[in-house]
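Visitor: For reference, this is input05.cif, and it has mmCIF, C-alpha atoms.
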data_upload
#
loop_
_atom_site.group_PDB
_atom_site.id
_atom_site.type_symbol
_atom_site.label_atom_id
_atom_site.label_comp_id
_atom_site.auth_asym_id
_atom_site.auth_seq_id
_atom_site.Cartn_x
_atom_site.Cartn_y
_atom_site.Cartn_z
ATOM 1 C CA MET A 1 96.443 269.644 -38.810
ATOM 2 C CA GLU A 2 97.598 272.113 -36.226
ATOM 3 C CA ARG A 3 96.602 271.128 -32.689
ATOM 4 C CA ALA A 4 95.816 273.347 -29.700
ATOM 5 C CA ALA A 5 99.033 274.024 -27.837
ATOM 6 C CA ARG A 6 98.189 275.888 -24.680
ATOM 7 C CA THR A 7 95.660 275.856 -21.898
ATOM 8 C CA SER A 8 95.979 279.398 -20.626
ATOM 9 C CA THR A 9 93.026 281.761 -20.961
ATOM 10 C CA HIS A 10 92.598 285.362 -21.910
ATOM 11 C CA VAL A 11 89.853 287.184 -19.975
ATOM 12 C CA VAL A 12 88.790 290.769 -20.519
ATOM 13 C CA GLY A 13 85.910 292.874 -19.352
ATOM 14 C CA ALA A 14 84.932 290.613 -16.451
ATOM 15 C CA ALA A 15 84.473 293.550 -14.082
ATOM 16 C CA HIS A 16 81.793 295.001 -16.372
ATOM 17 C CA ARG A 17 79.628 291.884 -16.548
ATOM 18 C CA ALA A 18 75.920 292.743 -16.282
ATOM 19 C CA ALA A 19 74.146 289.423 -16.880
ATOM 20 C CA PRO A 20 74.540 289.444 -20.671
ATOM 21 C CA SER A 21 73.855 286.430 -22.850
ATOM 22 C CA VAL A 22 76.821 284.075 -23.131
ATOM 23 C CA TRP A 23 77.876 282.970 -26.604
ATOM 24 C CA LEU A 24 80.466 280.370 -27.587
ATOM 25 C CA VAL A 25 81.999 280.727 -31.056
ATOM 26 C CA THR A 26 84.283 278.127 -32.629
ATOM 27 C CA GLY A 27 86.931 279.032 -35.189
ATOM 28 C CA ALA A 28 87.152 282.594 -33.905
ATOM 29 C CA SER A 29 90.724 283.517 -34.795
ATOM 30 C CA ARG A 30 90.050 285.267 -38.108
ATOM 31 C CA GLY A 31 87.577 286.014 -40.886
ATOM 32 C CA ILE A 32 83.928 285.514 -40.006
ATOM 33 C CA GLY A 33 84.882 284.074 -36.607
ATOM 34 C CA VAL A 34 86.643 287.139 -35.260
ATOM 35 C CA GLU A 35 83.836 289.317 -36.638
ATOM 36 C CA TRP A 36 81.357 287.272 -34.596
ATOM 37 C CA VAL A 37 83.400 288.099 -31.487
ATOM 38 C CA ARG A 38 83.654 291.791 -32.343
ATOM 39 C CA GLN A 39 79.919 292.207 -32.888
ATOM 40 C CA ILE A 40 78.820 290.075 -29.933
ATOM 41 C CA LEU A 41 80.938 292.155 -27.567
ATOM 42 C CA ALA A 42 79.758 295.400 -29.186
ATOM 43 C CA ARG A 43 76.155 294.530 -28.397
ATOM 44 C CA GLY A 44 76.984 294.046 -24.717
ATOM 45 C CA ASP A 45 76.936 290.250 -24.583
ATOM 46 C CA SER A 46 79.659 287.901 -23.396
ATOM 47 C CA VAL A 47 81.617 285.587 -25.673
ATOM 48 C CA ILE A 48 83.779 282.524 -25.236
ATOM 49 C CA ALA A 49 85.916 282.606 -28.371
ATOM 50 C CA THR A 50 87.751 279.422 -29.297
ATOM 51 C CA CYS A 51 90.489 278.666 -31.796
ATOM 52 C CA ARG A 52 93.269 276.135 -32.233
ATOM 53 C CA THR A 53 96.137 278.341 -31.078
ATOM 54 C CA PRO A 54 95.191 281.454 -29.072
ATOM 55 C CA ALA A 55 98.821 282.612 -28.896
ATOM 56 C CA THR A 56 98.906 283.242 -32.638
ATOM 57 C CA ALA A 57 95.370 284.640 -32.961
ATOM 58 C CA THR A 58 96.590 288.229 -33.314
ATOM 59 C CA GLU A 59 93.388 289.852 -34.569
ATOM 60 C CA LEU A 60 91.208 288.038 -32.045
ATOM 61 C CA ASN A 61 93.444 289.036 -29.153
ATOM 62 C CA GLN A 62 93.393 292.653 -30.338
ATOM 63 C CA VAL A 63 89.578 292.620 -30.338
ATOM 64 C CA LEU A 64 89.496 291.187 -26.832
ATOM 65 C CA GLU A 65 92.113 293.622 -25.537
ATOM 66 C CA ALA A 66 90.161 296.562 -26.944
ATOM 67 C CA HIS A 67 86.903 295.509 -25.315
ATOM 68 C CA SER A 68 85.848 297.655 -22.365
ATOM 69 C CA GLY A 69 82.060 297.438 -22.375
ATOM 70 C CA PRO A 70 79.642 295.151 -20.540
ATOM 71 C CA GLY A 71 80.066 291.422 -20.815
ATOM 72 C CA PHE A 72 83.263 289.408 -20.778
ATOM 73 C CA GLY A 73 85.484 287.997 -23.498
ATOM 74 C CA LEU A 74 87.397 284.737 -23.188
ATOM 75 C CA CYS A 75 89.836 283.138 -25.571
ATOM 76 C CA LEU A 76 90.219 279.382 -25.074
ATOM 77 C CA PRO A 77 92.066 276.755 -27.112
ATOM 78 C CA LEU A 78 89.914 274.349 -29.100
ATOM 79 C CA ASP A 79 90.651 272.129 -32.069
ATOM 80 C CA VAL A 80 87.250 270.772 -33.098
ATOM 81 C CA ALA A 81 88.973 267.912 -34.940
ATOM 82 C CA SER A 82 90.576 266.656 -31.715
ATOM 83 C CA GLU A 83 88.478 264.584 -29.305
ATOM 84 C CA GLU A 84 90.949 265.361 -26.527
ATOM 85 C CA SER A 85 90.693 269.104 -27.136
ATOM 86 C CA VAL A 86 86.883 269.038 -27.260
ATOM 87 C CA SER A 87 86.563 266.936 -24.110
ATOM 88 C CA ALA A 88 88.770 269.415 -22.236
ATOM 89 C CA LEU A 89 86.639 272.419 -23.183
ATOM 90 C CA PRO A 90 83.949 272.270 -20.444
ATOM 91 C CA SER A 91 86.603 272.078 -17.715
ATOM 92 C CA ALA A 92 88.538 274.927 -19.321
ATOM 93 C CA ILE A 93 85.407 277.080 -19.301
ATOM 94 C CA ALA A 94 84.657 276.179 -15.676
ATOM 95 C CA ALA A 95 88.239 276.995 -14.653
ATOM 96 C CA THR A 96 87.803 280.606 -15.770
ATOM 97 C CA GLY A 97 85.006 281.129 -13.236
ATOM 98 C CA GLN A 98 83.175 283.338 -15.726
ATOM 99 C CA SER A 99 80.191 281.203 -16.713
ATOM 100 C CA ALA A 100 78.492 277.890 -16.041
ATOM 101 C CA THR A 101 76.040 278.317 -18.899
ATOM 102 C CA ILE A 102 75.955 278.964 -22.634
ATOM 103 C CA ASP A 103 73.008 280.706 -24.259
ATOM 104 C CA VAL A 104 74.078 280.543 -27.909
ATOM 105 C CA LEU A 105 76.483 278.043 -29.475
ATOM 106 C CA VAL A 106 77.835 279.165 -32.851
ATOM 107 C CA HIS A 107 79.474 276.421 -34.908
ATOM 108 C CA ASN A 108 81.663 278.595 -37.114
ATOM 109 C CA ALA A 109 84.884 276.565 -37.492
ATOM 110 C CA GLY A 110 85.296 275.091 -40.944
ATOM 111 C CA ILE A 111 87.866 274.188 -43.574
ATOM 112 C CA SER A 112 87.984 273.414 -47.287
ATOM 113 C CA ALA A 113 90.278 271.328 -49.475
ATOM 114 C CA PRO A 114 93.798 272.732 -50.016
ATOM 115 C CA THR A 115 92.923 273.288 -53.684
ATOM 116 C CA HIS A 116 89.599 275.032 -52.944
ATOM 117 C CA PRO A 117 87.635 276.036 -54.951
ATOM 118 C CA VAL A 118 89.222 273.660 -57.511
ATOM 119 C CA ASP A 119 88.285 270.232 -56.161
ATOM 120 C CA PRO A 120 86.537 268.210 -58.899
ATOM 121 C CA LEU A 121 85.376 264.636 -58.488
ATOM 122 C CA GLU A 122 88.116 263.240 -60.713
ATOM 123 C CA THR A 123 90.965 264.499 -58.514
ATOM 124 C CA ALA A 124 89.319 264.655 -55.068
ATOM 125 C CA ASN A 125 91.366 262.640 -52.604
ATOM 126 C CA LYS A 126 90.611 260.765 -49.413
ATOM 127 C CA GLN A 127 92.725 262.965 -47.142
ATOM 128 C CA ALA A 128 90.996 266.194 -48.162
ATOM 129 C CA LEU A 129 87.580 264.556 -47.857
ATOM 130 C CA MET A 130 88.322 263.140 -44.413
ATOM 131 C CA ASP A 131 89.887 266.367 -43.129
ATOM 132 C CA CYS A 132 86.842 268.375 -44.229
ATOM 133 C CA PHE A 133 84.396 265.852 -42.793
ATOM 134 C CA GLU A 134 86.315 265.697 -39.505
ATOM 135 C CA THR A 135 86.304 269.474 -38.991
ATOM 136 C CA ASN A 136 83.048 270.469 -40.675
ATOM 137 C CA CYS A 137 80.754 267.733 -39.369
ATOM 138 C CA VAL A 138 82.324 265.502 -36.720
ATOM 139 C CA GLY A 139 83.732 268.508 -34.840
ATOM 140 C CA PRO A 140 80.359 270.222 -34.415
ATOM 141 C CA LEU A 141 78.870 266.917 -33.257
ATOM 142 C CA LEU A 142 81.538 266.484 -30.573
ATOM 143 C CA VAL A 143 81.323 270.121 -29.439
ATOM 144 C CA THR A 144 77.530 269.946 -29.178
ATOM 145 C CA GLN A 145 77.773 266.761 -27.120
ATOM 146 C CA ALA A 146 80.357 268.300 -24.787
ATOM 147 C CA LEU A 147 78.405 271.520 -24.240
ATOM 148 C CA LEU A 148 74.867 270.116 -23.931
ATOM 149 C CA PRO A 149 74.846 270.463 -20.107
ATOM 150 C CA MET A 150 75.824 274.141 -20.371
ATOM 151 C CA LEU A 151 73.243 274.750 -23.098
ATOM 152 C CA ARG A 152 70.556 273.111 -20.973
ATOM 153 C CA ALA A 153 71.505 275.353 -18.059
ATOM 154 C CA GLY A 154 71.352 278.524 -20.176
ATOM 155 C CA SER A 155 68.305 280.613 -20.919
ATOM 156 C CA GLY A 156 68.969 281.139 -24.650
ATOM 157 C CA ARG A 157 69.125 277.491 -25.740
ATOM 158 C CA LYS A 158 70.161 278.262 -29.316
ATOM 159 C CA VAL A 159 72.486 276.262 -31.584
ATOM 160 C CA PHE A 160 73.549 278.000 -34.796
ATOM 161 C CA PHE A 161 75.464 276.195 -37.544
ATOM 162 C CA VAL A 162 77.359 278.240 -40.121
ATOM 163 C CA SER A 163 76.623 276.134 -43.194
ATOM 164 C CA THR A 164 76.703 277.097 -46.868
ATOM 165 C CA ALA A 165 74.444 277.199 -49.906
ATOM 166 C CA MET A 166 77.072 274.925 -51.463
ATOM 167 C CA ALA A 167 75.659 272.125 -49.281
ATOM 168 C CA SER A 168 72.273 272.300 -50.994
ATOM 169 C CA LEU A 169 71.386 269.173 -52.996
ATOM 170 C CA ALA A 170 68.763 271.089 -54.962
ATOM 171 C CA GLY A 171 71.273 273.775 -55.915
ATOM 172 C CA ALA A 172 74.312 271.551 -56.381
ATOM 173 C CA ALA A 173 76.980 272.549 -58.876
ATOM 174 C CA ALA A 174 80.121 270.757 -60.000
ATOM 175 C CA GLY A 175 83.371 270.978 -58.066
ATOM 176 C CA SER A 176 84.386 271.619 -54.443
ATOM 177 C CA VAL A 177 83.614 267.976 -53.677
ATOM 178 C CA SER A 178 85.274 267.837 -50.240
ATOM 179 C CA TYR A 179 83.710 271.046 -48.965
ATOM 180 C CA ARG A 180 80.234 270.465 -50.399
ATOM 181 C CA THR A 181 79.875 266.904 -49.116
ATOM 182 C CA SER A 182 81.150 267.708 -45.618
ATOM 183 C CA LYS A 183 78.792 270.670 -45.307
ATOM 184 C CA ALA A 184 75.868 268.585 -46.591
ATOM 185 C CA ALA A 185 76.685 266.185 -43.744
ATOM 186 C CA LEU A 186 76.686 269.157 -41.362
ATOM 187 C CA ASN A 187 73.173 270.038 -42.520
ATOM 188 C CA MET A 188 71.979 266.534 -41.661
ATOM 189 C CA LEU A 189 73.677 266.822 -38.272
ATOM 190 C CA GLY A 190 71.801 270.052 -37.605
ATOM 191 C CA ARG A 191 68.494 268.399 -38.429
ATOM 192 C CA LEU A 192 69.301 265.493 -36.118
ATOM 193 C CA VAL A 193 70.266 267.846 -33.270
ATOM 194 C CA SER A 194 66.864 269.465 -33.704
ATOM 195 C CA LEU A 195 65.005 266.142 -33.803
ATOM 196 C CA GLU A 196 66.705 264.761 -30.699
ATOM 197 C CA HIS A 197 67.285 267.920 -28.624
ATOM 198 C CA GLY A 198 65.285 270.657 -30.299
ATOM 199 C CA VAL A 199 61.903 272.304 -29.997
ATOM 200 C CA GLY A 200 59.375 269.859 -28.577
ATOM 201 C CA THR A 201 61.972 267.813 -26.677
ATOM 202 C CA LYS A 202 62.943 268.216 -23.020
ATOM 203 C CA ASP A 203 66.000 270.252 -24.053
ATOM 204 C CA GLY A 204 64.031 272.597 -26.299
ATOM 205 C CA LEU A 205 67.005 273.855 -28.300
ATOM 206 C CA ALA A 206 66.300 276.215 -31.193
ATOM 207 C CA VAL A 207 68.450 275.027 -34.118
ATOM 208 C CA THR A 208 69.255 276.866 -37.357
ATOM 209 C CA LEU A 209 71.673 276.271 -40.235
ATOM 210 C CA CYS A 210 72.747 279.399 -42.081
ATOM 211 C CA HIS A 211 74.566 280.302 -45.290
ATOM 212 C CA PRO A 212 76.781 283.320 -44.465
ATOM 213 C CA GLY A 213 76.955 284.513 -48.062
ATOM 214 C CA TRP A 214 80.003 284.425 -50.308
ATOM 215 C CA VAL A 215 82.206 286.263 -47.846
ATOM 216 C CA ASP A 216 85.516 288.013 -48.424
ATOM 217 C CA THR A 217 87.685 285.744 -46.274
ATOM 218 C CA ASP A 218 90.765 283.649 -47.018
ATOM 219 C CA MET A 219 88.532 280.744 -48.036
ATOM 220 C CA GLY A 220 86.080 282.868 -49.972
ATOM 221 C CA ALA A 221 88.816 284.648 -51.900
ATOM 222 C CA ALA A 222 90.791 281.483 -52.687
ATOM 223 C CA GLY A 223 91.682 281.199 -56.348
ATOM 224 C CA ASN A 224 91.970 284.980 -56.782
ATOM 225 C CA ARG A 225 88.198 285.410 -56.509
ATOM 226 C CA SER A 226 86.411 288.567 -55.328
ATOM 227 C CA PRO A 227 83.591 287.721 -52.903
ATOM 228 C CA PRO A 228 80.819 290.344 -52.753
ATOM 229 C CA VAL A 229 79.960 290.103 -49.028
ATOM 230 C CA ARG A 230 82.046 291.715 -46.275
ATOM 231 C CA PRO A 231 82.456 289.811 -42.968
ATOM 232 C CA VAL A 232 80.873 292.726 -41.082
ATOM 233 C CA ASP A 233 77.707 292.495 -43.194
ATOM 234 C CA SER A 234 77.570 288.709 -43.104
ATOM 235 C CA VAL A 235 77.817 288.558 -39.322
ATOM 236 C CA ALA A 236 75.353 291.421 -38.819
ATOM 237 C CA GLY A 237 72.862 289.454 -40.883
ATOM 238 C CA MET A 238 73.533 286.196 -39.057
ATOM 239 C CA LEU A 239 73.140 287.940 -35.684
ATOM 240 C CA ALA A 240 69.709 289.095 -36.813
ATOM 241 C CA VAL A 241 68.899 285.493 -37.752
ATOM 242 C CA VAL A 242 69.998 284.298 -34.299
ATOM 243 C CA ASP A 243 67.871 286.984 -32.653
ATOM 244 C CA SER A 244 64.852 285.771 -34.631
ATOM 245 C CA MET A 245 65.331 282.122 -33.629
ATOM 246 C CA GLY A 246 62.534 280.603 -31.583
ATOM 247 C CA PRO A 247 59.930 277.800 -31.584
ATOM 248 C CA HIS A 248 59.994 277.775 -35.392
ATOM 249 C CA SER A 249 63.737 277.013 -35.452
ATOM 250 C CA MET A 250 63.599 273.275 -35.956
ATOM 251 C CA GLY A 251 66.709 272.770 -38.038
ATOM 252 C CA ASP A 252 65.735 275.329 -40.659
ATOM 253 C CA PHE A 253 68.138 276.259 -43.474
ATOM 254 C CA VAL A 254 68.376 279.967 -44.312
ATOM 255 C CA ASP A 255 70.838 282.544 -45.600
ATOM 256 C CA PHE A 256 72.278 285.514 -43.716
ATOM 257 C CA GLU A 257 69.390 287.676 -44.857
ATOM 258 C CA GLY A 258 66.847 285.252 -43.408
ATOM 259 C CA ASN A 259 65.712 283.755 -46.716
ATOM 260 C CA SER A 260 64.833 280.044 -46.720
ATOM 261 C CA LEU A 261 67.133 277.786 -48.742
ATOM 262 C CA GLU A 262 66.386 274.503 -50.491
ATOM 263 C CA TRP A 263 67.916 271.381 -49.036
#
Please re-express this file's structure in structure tokens.

Guide:
Amino acid sequence: MERAARTSTHVVGAAHRAAPSVWLVTGASRGIGVEWVRQILARGDSVIATCRTPATATELNQVLEAHSGPGFGLCLPLDVASEESVSALPSAIAATGQSATIDVLVHNAGISAPTHPVDPLETANKQALMDCFETNCVGPLLVTQALLPMLRAGSGRKVFFVSTAMASLAGAAAGSVSYRTSKAALNMLGRLVSLEHGVGTKDGLAVTLCHPGWVDTDMGAAGNRSPPVRPVDSVAGMLAVVDSMGPHSMGDFVDFEGNSLEW
């Protein structure tokens, strides 16, 4: 897997900061991730966008360069599959001088098997399974651990996991073994974050897992498919879900339109 290669930061809009909420989004270089950044900045909030290699994140850098409204935009290197990269993130954020808190943590980074969506049980292999599990479940665990102090210090105290309906046991279908199993593990992680740090605990984090829809991204369109949901609509819906999060958000599982999903 590609590892983060630089430690420099990209900061825009700092002079316009007006006490907006601070979001951190993983996997922000393209697809749904960069759309999160675009819409968060457009609403006047601040965003710490992370990706493995900021230097090659062309679309993300264009969004940050174009931003001129309130709030700030940062681009920091993060490979969620690397313990070293994750452990360096809090210091990298502190070094920018922009924020000591995070209000909303969005776990967006995710991968699928190289053959996605063709990944049946008979041919699924250990490497694809382990790569998906490492990025889709272990990574969010490590990032949550690393950023807990900043979440505790924030006023939003929201943790949002981009999951998938493909992780549902009740709605399971054949195929996509590596992706489905790793995302099912992510769902359990979300529930455990809620039980140990969520509503009713001293941390009081609101926690939600959300299916973004079948979105027209590189992953969604793999295999010459035609996904029906545009990234702009998916993220707009998920932002509305985040805005609605509160005391009821105890590791709930919903879609981008706010509908409850079966586990």

Visitor: Considering only C-alpha atoms, can you say which of A:Ser226, A:Asn61, A:Thr208, A:Gln98 comes closest to Leu239 of chain A?

Guide: A:Thr208

Visitor: What would the selection look like, as a VMD selection string, if the PyMOL selection byres ((chain A and resi 67) around 9) were run on the coordinates I just shared?

Guide: chain A and resid 12 to 13 38 41 to 42 62 to 66 68 to 70 72 to 73

Visitor: For the selection just defined, write its residues with C-alpha atoms to a file, as a PDB file, in the frame of the given file.

Guide:
ATOM      1  CA  VAL A  12      88.790 290.769 -20.519  1.00  0.00           C
ATOM      2  CA  GLY A  13      85.910 292.874 -19.352  1.00  0.00           C
ATOM      3  CA  ARG A  38      83.654 291.791 -32.343  1.00  0.00           C
ATOM      4  CA  LEU A  41      80.938 292.155 -27.567  1.00  0.00           C
ATOM      5  CA  ALA A  42      79.758 295.400 -29.186  1.00  0.00           C
ATOM      6  CA  GLN A  62      93.393 292.653 -30.338  1.00  0.00           C
ATOM      7  CA  VAL A  63      89.578 292.620 -30.338  1.00  0.00           C
ATOM      8  CA  LEU A  64      89.496 291.187 -26.832  1.00  0.00           C
ATOM      9  CA  GLU A  65      92.113 293.622 -25.537  1.00  0.00           C
ATOM     10  CA  ALA A  66      90.161 296.562 -26.944  1.00  0.00           C
ATOM     11  CA  SER A  68      85.848 297.655 -22.365  1.00  0.00           C
ATOM     12  CA  GLY A  69      82.060 297.438 -22.375  1.00  0.00           C
ATOM     13  CA  PRO A  70      79.642 295.151 -20.540  1.00  0.00           C
ATOM     14  CA  PHE A  72      83.263 289.408 -20.778  1.00  0.00           C
ATOM     15  CA  GLY A  73      85.484 287.997 -23.498  1.00  0.00           C
TER      16      GLY A  73
END

Visitor: Any chance you could resolve the PyMOL selection byres ((chain A and resi 39) around 12) against this file and give the residues as number ranges by chain?

Guide: A: 23, 25, 32-38, 40-47, 63-64, 67, 69, 73, 231-240

Visitor: Just need the box for segment 141-159 of chain A, edges along x, y and z, holding every atom the file lists for it with 3 Å tacked onto each side, so centre and edge lengths in Å to one decimal, as JSON.

Guide:
{"center_x": 74.9, "center_y": 273.8, "center_z": -25.7, "size_x": 19.2, "size_y": 20.7, "size_z": 21.2}

Visitor: Take the PyMOL selection byres ((chain A and resi 169) around 10), run it mentally on this structure, and tell me the resulting residues as JSON, numbers by chain.

Guide: {"A": [165, 166, 167, 168, 170, 171, 172, 173, 180, 181, 184, 262, 263]}

Visitor: Produce a file of the selected residues containing C-alpha atoms, as a compact mmCIF listing (two decimals), keeping the file's coordinate frame.

Guide:
# COMPACT_ATOMS: atom_id res chain seq x y z
CA ALA A 165 74.44 277.20 -49.91
CA MET A 166 77.07 274.92 -51.46
CA ALA A 167 75.66 272.12 -49.28
CA SER A 168 72.27 272.30 -50.99
CA ALA A 170 68.76 271.09 -54.96
CA GLY A 171 71.27 273.77 -55.92
CA ALA A 172 74.31 271.55 -56.38
CA ALA A 173 76.98 272.55 -58.88
CA ARG A 180 80.23 270.46 -50.40
CA THR A 181 79.88 266.90 -49.12
CA ALA A 184 75.87 268.58 -46.59
CA GLU A 262 66.39 274.50 -50.49
CA TRP A 263 67.92 271.38 -49.04

Visitor: If we count all atoms listed in the file, what is near segment 152-158 of chain A at a cut-off of 6 Å, once residues fewer than 2 positions away on the same chain are taken out, given as a PyMOL selection string?

Guide: chain A and resi 101-104+149-150+205-206

Visitor: If we count only C-alpha atoms and set the cut-off at 10 Å, which residues sit around Gly139 of chain A, ignoring sequence neighbours fewer than 4 positions away in its own chain? Please answer as a ChimeraX atom specification.

Guide: /A:26,79-83,86,107,109-110,132-135,143-145,186

Visitor: What does the distance from atom CA of Thr201 of chain A to atom CA of Val159 of chain A come to in Å, to one decimal?

Guide: 14.4 Å

Visitor: Which residues come within 8 Å of Gly175 of chain A, counting only C-alpha atoms, excluding same-chain residues fewer than 5 positions away, as a VMD selection string?

Guide: chain A and resid 117 to 121

Visitor: Could you state the separation of atom CA of Pro227 of chain A and atom CA of Cys210 of chain A in Å, given to one decimal place?

Guide: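 Calculated distance between atom CA of Pro227 of chain A and atom CA of Cys210 of chain A is 17.4 Å.
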
Visitor: What does the distance from atom CA of Cys75 of chain A to atom CA of Thr50 of chain A come to in Å, to one decimal?

Guide: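 The value is 5.7 Å.
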
Visitor: Quick one: residues within 9 Å of (61.6, 277.6, -32.9) (file frame), counting only C-alpha atoms, please, as a list in words.

Guide: Gly198, Val199, Gly204, Leu205, Ala206, Val207, Thr208, Ser244, Met245, Gly246, Pro247, His248, Ser249, Met250 and Gly251 of chain A

Visitor: For a quick check of your reading of the model, name the residues lying within 12 Å of the coordinate (96.1, 273.4, -49.6), counting all atoms listed in the file, and write them as a list of chain:residue names.

Guide: A:Met1, A:Ile111, A:Ser112, A:Ala113, A:Pro114, A:Thr115, A:His116, A:Pro117, A:Val118, A:Asp119, A:Gln127, A:Ala128, A:Asp131, A:Cys132, A:Asp218, A:Met219, A:Ala222, A:Gly223

Visitor: Would you mind telling me which residue in A:Ala124, A:Ala146, A:Ala94, A:Val138 lies nearest to Tyr179 of chain A when using all atoms listed in the file?

Guide: A:Ala124

Visitor: Find the spatial neighbours of Leu209 of chain A, counting all atoms listed in the file, within a cut-off of 7 Å - ignore same-chain residues fewer than 2 positions away - and output them as a ChimeraX atom specification.

Guide: /A:160-163,187,190,251-254

Visitor: Pick out the closest residue to Leu192 of chain A from this set: A:Val229, A:Val215, A:Leu141, A:Ala92. Count all atoms listed in the file.

Guide: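 So, comparing all the options, the nearest one is A:Leu141.
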
Visitor: So which one's closest to Leu142 of chain A, A:Asn125, A:Thr53, A:Ser87, A:Ser176? Using all atoms listed in the file, please.

Guide: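 Comparing A:Asn125, A:Thr53, A:Ser87, A:Ser176 against Leu142 of chain A, the winner is A:Ser87.
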